[in-house]
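To be precise, the following lines are coords_19.cif, and they hold mmCIF, C-alpha atoms.
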```cif
data_data
#
loop_
_atom_site.label_atom_id
_atom_site.label_comp_id
_atom_site.auth_asym_id
_atom_site.auth_seq_id
_atom_site.Cartn_x
_atom_site.Cartn_y
_atom_site.Cartn_z
CA MET K 9 101.57 141.93 96.82
CA ARG K 10 102.52 140.87 100.35
CA VAL K 11 103.95 137.39 100.82
CA ALA K 12 104.26 135.64 104.18
CA LEU K 13 107.37 133.48 104.32
CA GLY K 14 108.36 130.91 106.91
CA ALA K 15 110.58 127.88 107.29
CA ASP K 16 112.02 125.51 109.81
CA HIS K 17 115.75 124.77 110.06
CA GLY K 18 115.57 122.33 107.13
CA GLY K 19 114.15 125.04 104.90
CA TYR K 20 116.14 127.98 106.23
CA GLU K 21 118.62 128.31 103.36
CA LEU K 22 115.93 127.99 100.68
CA LYS K 23 113.73 130.49 102.55
CA GLU K 24 116.59 132.98 102.45
CA ALA K 25 117.04 132.46 98.70
CA ILE K 26 113.30 132.95 98.16
CA ARG K 27 113.24 136.08 100.34
CA THR K 28 116.08 137.65 98.34
CA HIS K 29 114.44 136.61 95.05
CA LEU K 30 111.12 138.21 96.00
CA GLU K 31 112.64 141.38 97.39
CA THR K 32 114.62 141.96 94.18
CA GLN K 33 111.25 141.89 92.37
CA GLY K 34 109.87 144.54 94.71
CA ILE K 35 107.54 142.11 96.48
CA GLU K 36 106.89 142.87 100.14
CA VAL K 37 107.99 139.90 102.27
CA LEU K 38 106.87 139.21 105.82
CA ASP K 39 109.59 136.87 107.11
CA PHE K 40 108.36 134.80 110.05
CA GLY K 41 111.63 132.91 110.42
CA THR K 42 113.39 130.81 111.33
CA HIS K 43 116.53 132.88 111.14
CA SER K 44 119.20 130.19 111.48
CA LYS K 45 119.91 126.49 110.94
CA ASP K 46 119.26 125.75 114.62
CA SER K 47 116.63 123.06 115.10
CA VAL K 48 113.07 124.39 115.46
CA ASP K 49 109.53 123.00 115.22
CA TYR K 50 107.95 123.38 111.76
CA PRO K 51 104.31 123.68 112.98
CA LYS K 52 105.09 127.11 114.47
CA TYR K 53 106.18 128.44 111.09
CA GLY K 54 103.32 126.88 109.14
CA PHE K 55 100.94 128.46 111.66
CA ALA K 56 102.65 131.86 111.42
CA VAL K 57 102.41 131.93 107.61
CA GLY K 58 98.79 130.73 107.60
CA SER K 59 97.76 133.17 110.32
CA ALA K 60 99.24 136.10 108.40
CA ILE K 61 96.96 135.21 105.48
CA THR K 62 93.80 134.71 107.52
CA LYS K 63 94.43 137.99 109.38
CA GLY K 64 94.82 139.84 106.06
CA GLU K 65 98.46 140.72 106.69
CA ALA K 66 99.60 138.81 103.58
CA ASP K 67 98.04 137.93 100.25
CA LEU K 68 99.83 134.60 99.77
CA GLY K 69 102.34 132.51 101.68
CA ILE K 70 105.35 130.32 101.12
CA ALA K 71 106.33 127.72 103.71
CA VAL K 72 109.47 125.60 103.55
CA CYS K 73 110.66 122.57 105.49
CA GLY K 74 112.70 119.52 104.53
CA THR K 75 109.93 117.95 102.45
CA GLY K 76 107.20 120.61 102.50
CA LEU K 77 104.86 118.02 103.98
CA GLY K 78 104.94 118.75 107.70
CA ILE K 79 104.76 122.51 107.37
CA SER K 80 101.86 122.23 104.91
CA MET K 81 99.98 119.90 107.25
CA ALA K 82 100.34 122.43 110.06
CA ALA K 83 99.22 125.35 107.88
CA ASN K 84 96.25 123.38 106.54
CA LYS K 85 94.84 123.05 110.07
CA ILE K 86 93.92 126.74 109.91
CA PRO K 87 90.42 127.31 108.48
CA GLY K 88 90.66 129.12 105.16
CA ILE K 89 94.17 127.94 104.37
CA ARG K 90 94.82 125.81 101.33
CA ALA K 91 98.52 124.91 101.35
CA ALA K 92 99.84 122.89 98.41
CA VAL K 93 103.15 121.04 98.35
CA CYS K 94 104.64 121.49 94.90
CA SER K 95 107.83 120.05 93.45
CA GLU K 96 107.32 121.23 89.86
CA THR K 97 105.72 124.16 88.05
CA PHE K 98 102.61 122.42 86.67
CA SER K 99 101.30 121.60 90.14
CA ALA K 100 102.07 125.13 91.33
CA ARG K 101 100.05 126.61 88.46
CA MET K 102 97.14 124.21 88.99
CA ALA K 103 97.18 124.76 92.77
CA ARG K 104 96.49 128.45 92.18
CA GLU K 105 94.34 128.21 89.04
CA HIS K 106 92.03 125.36 90.09
CA ASN K 107 92.35 125.11 93.88
CA ASP K 108 92.92 128.75 94.88
CA ALA K 109 95.83 127.62 97.06
CA ASN K 110 97.02 130.44 99.25
CA ILE K 111 100.23 128.84 100.53
CA LEU K 112 102.95 127.20 98.48
CA ALA K 113 104.84 124.58 100.48
CA LEU K 114 108.28 123.52 99.30
CA GLY K 115 110.69 120.78 100.33
CA ALA K 116 114.23 122.11 100.55
CA ARG K 117 115.60 118.56 100.65
CA VAL K 118 113.51 117.58 97.63
CA ILE K 119 114.19 120.30 95.05
CA GLY K 120 117.03 122.68 94.31
CA ALA K 121 116.92 126.44 94.62
CA GLY K 122 116.70 127.11 90.87
CA LEU K 123 113.58 124.98 90.42
CA ALA K 124 112.13 126.32 93.68
CA LEU K 125 112.38 129.90 92.43
CA ASP K 126 110.66 128.95 89.17
CA ILE K 127 107.87 127.30 91.16
CA VAL K 128 107.55 130.40 93.37
CA ASP K 129 107.27 132.67 90.32
CA ILE K 130 104.57 130.52 88.71
CA PHE K 131 102.61 130.26 91.97
CA LEU K 132 102.66 134.00 92.61
CA LYS K 133 101.81 134.99 89.03
CA THR K 134 98.91 132.56 88.53
CA ALA K 135 95.37 133.72 89.31
CA PHE K 136 92.47 131.58 90.47
CA SER K 137 90.26 130.85 87.47
CA GLY K 138 87.00 130.67 89.46
CA GLY K 139 84.07 129.23 87.52
CA ARG K 140 83.40 125.57 88.25
CA HIS K 141 86.49 125.54 90.48
CA ALA K 142 84.94 128.11 92.84
CA LEU K 143 82.20 125.63 93.77
CA ARG K 144 84.82 123.01 94.62
CA VAL K 145 86.81 125.42 96.78
CA SER K 146 83.54 126.39 98.47
CA LEU K 147 82.93 122.73 99.28
CA ILE K 148 86.30 122.62 101.03
CA SER K 149 85.17 125.58 103.15
CA ASP K 150 81.94 123.75 103.94
CA ILE K 151 83.97 120.78 105.21
CA GLU K 152 86.04 123.13 107.41
CA ARG K 153 82.81 124.39 108.99
CA GLY K 154 81.71 120.82 109.69
CA GLU K 155 78.92 120.88 107.13
CA ASP K 156 77.88 117.85 105.13
CA ILE K 157 78.57 118.12 101.44
#
```
Write the structure described by the file as structure tokens, please.
Amino acid sequence: MRVALGADHGGYELKEAIRTHLETQGIEVLDFGTHSKDSVDYPKYGFAVGSAITKGEADLGIAVCGTGLGISMAANKIPGIRAAVCSETFSARMAREHNDANILALGARVIGAGLALDIVDIFLKTAFSGGRHALRVSLISDIERGEDI
């Protein structure tokens, strides 16, 4: 599995903890930065993570900012990206299982590192269940293409 990882300055420390956590599990991490606590613009990192997925460079992504909201909004502007902000494990599981989310967005100022790592593990280990949920995800793709649903 290849995971794209990106964060702004507010998510830098949590991104580093996630990177280390994934690498110790043997997961290939594509780290798109940022690489310090210096102020940066979160849309660039949401775009980098989302683009890695749509280009086939990564299977899933994790994006971190202060709340997870801004970076997820930026990533969700990319057709084919379904970024979900999760602050607990149930939503992370459902985001993958029912919504086929391909980016997990986390708020470093909202949750602690221990919970964040649990959420990451659940997100990465949960498969999309398909079935009736596949139709719903397909409808999201229709909306992206400007089709009426």
Distance query K:Tyr20 at most 9 Å, all atoms listed in the file, self and fewer than 3 positions along chain excluded, as a ChimeraX atom specification:
/K:14-17,23-25,41-45,72-73,116
Could you pull the residues within 7 Å of K:Phe136, counting only C-alpha atoms, minus those fewer than 6 positions along the same chain, as a list in words?
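My reading of the contact set: Arg104, Glu105, His106 and Asp108 of chain K.
The closest residue to K:Ala83, picked from K:Ile127, K:Arg10, K:Gly154, K:Val57 and counting only C-alpha atoms, is K:Val57.
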Taking the file as shown, what set of residues would the PyMOL selection byres ((chain K and resi 129-131) around 10) give back, as a ChimeraX atom specification?
/K:26,29-30,68-70,94,96-105,109-112,123-128,132-135
Centre and edge lengths, as JSON, for the axis-aligned box enclosing every listed atom of stretch 53-65 of chain K with 8 Å of padding on each of the six sides, in Å to one decimal?
```
{"center_x": 100.0, "center_y": 133.8, "center_z": 108.6, "size_x": 28.4, "size_y": 29.8, "size_z": 22.2}
```
From the list K:Ser47, K:Gly78, K:Ile35, K:Ala12, which residue is nearest K:Ala60 when using all atoms listed in the file?
K:Ala12
Taking all atoms listed in the file into account, which of K:Ile119, K:Ile151, K:Leu22, K:Ile79 comes nearest K:Asp49?
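The shortest atom-to-atom distance to K:Asp49 comes from K:Ile79.
If you look at atom CA of K:Ala121 and atom CA of K:Leu13, they are 15.3 Å away from each other.
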What do you get, as a list in words, if you spell out every residue that the PyMOL selection byres ((chain K and resi 81) around 10) selects here?
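After applying the PyMOL selection byres ((chain K and resi 81) around 10), what remains is Tyr50, Pro51, Gly54, Phe55, Gly76, Leu77, Gly78, Ile79, Ser80, Ala82, Ala83, Asn84, Lys85, Ile86, Arg90, Ala91, Ala92, Val93 and Ala113 of chain K.
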Could you tell me which residues the PyMOL selection byres ((chain K and resi 145-150) around 10) returns for this structure, as a ChimeraX atom specification?
/K:87-90,106-109,138,140-144,151-157
Tell me, in Å to one decimal, how far atom CA of K:Ala71 is from atom CA of K:Tyr53.
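Here the two named atoms are 7.4 Å from each other.
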Could you tell me how far atom CA of K:Met9 sits from atom CA of K:Ser95, in Å to one decimal place?
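Atom CA of K:Ser95 sits 23.0 Å away from atom CA of K:Met9.
Among the candidates K:Gly58, K:Gly19, K:Gly34, K:Gly120, the residue lying nearest to K:Gly74 is K:Gly19 (atoms considered: all atoms listed in the file).
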Pick the closest to K:Leu114 from K:Ile61, K:Phe40, K:Gly18, K:Val11: which is it, counting all atoms listed in the file?
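Looking only at the distances to K:Leu114, the closest residue turns out to be K:Gly18.
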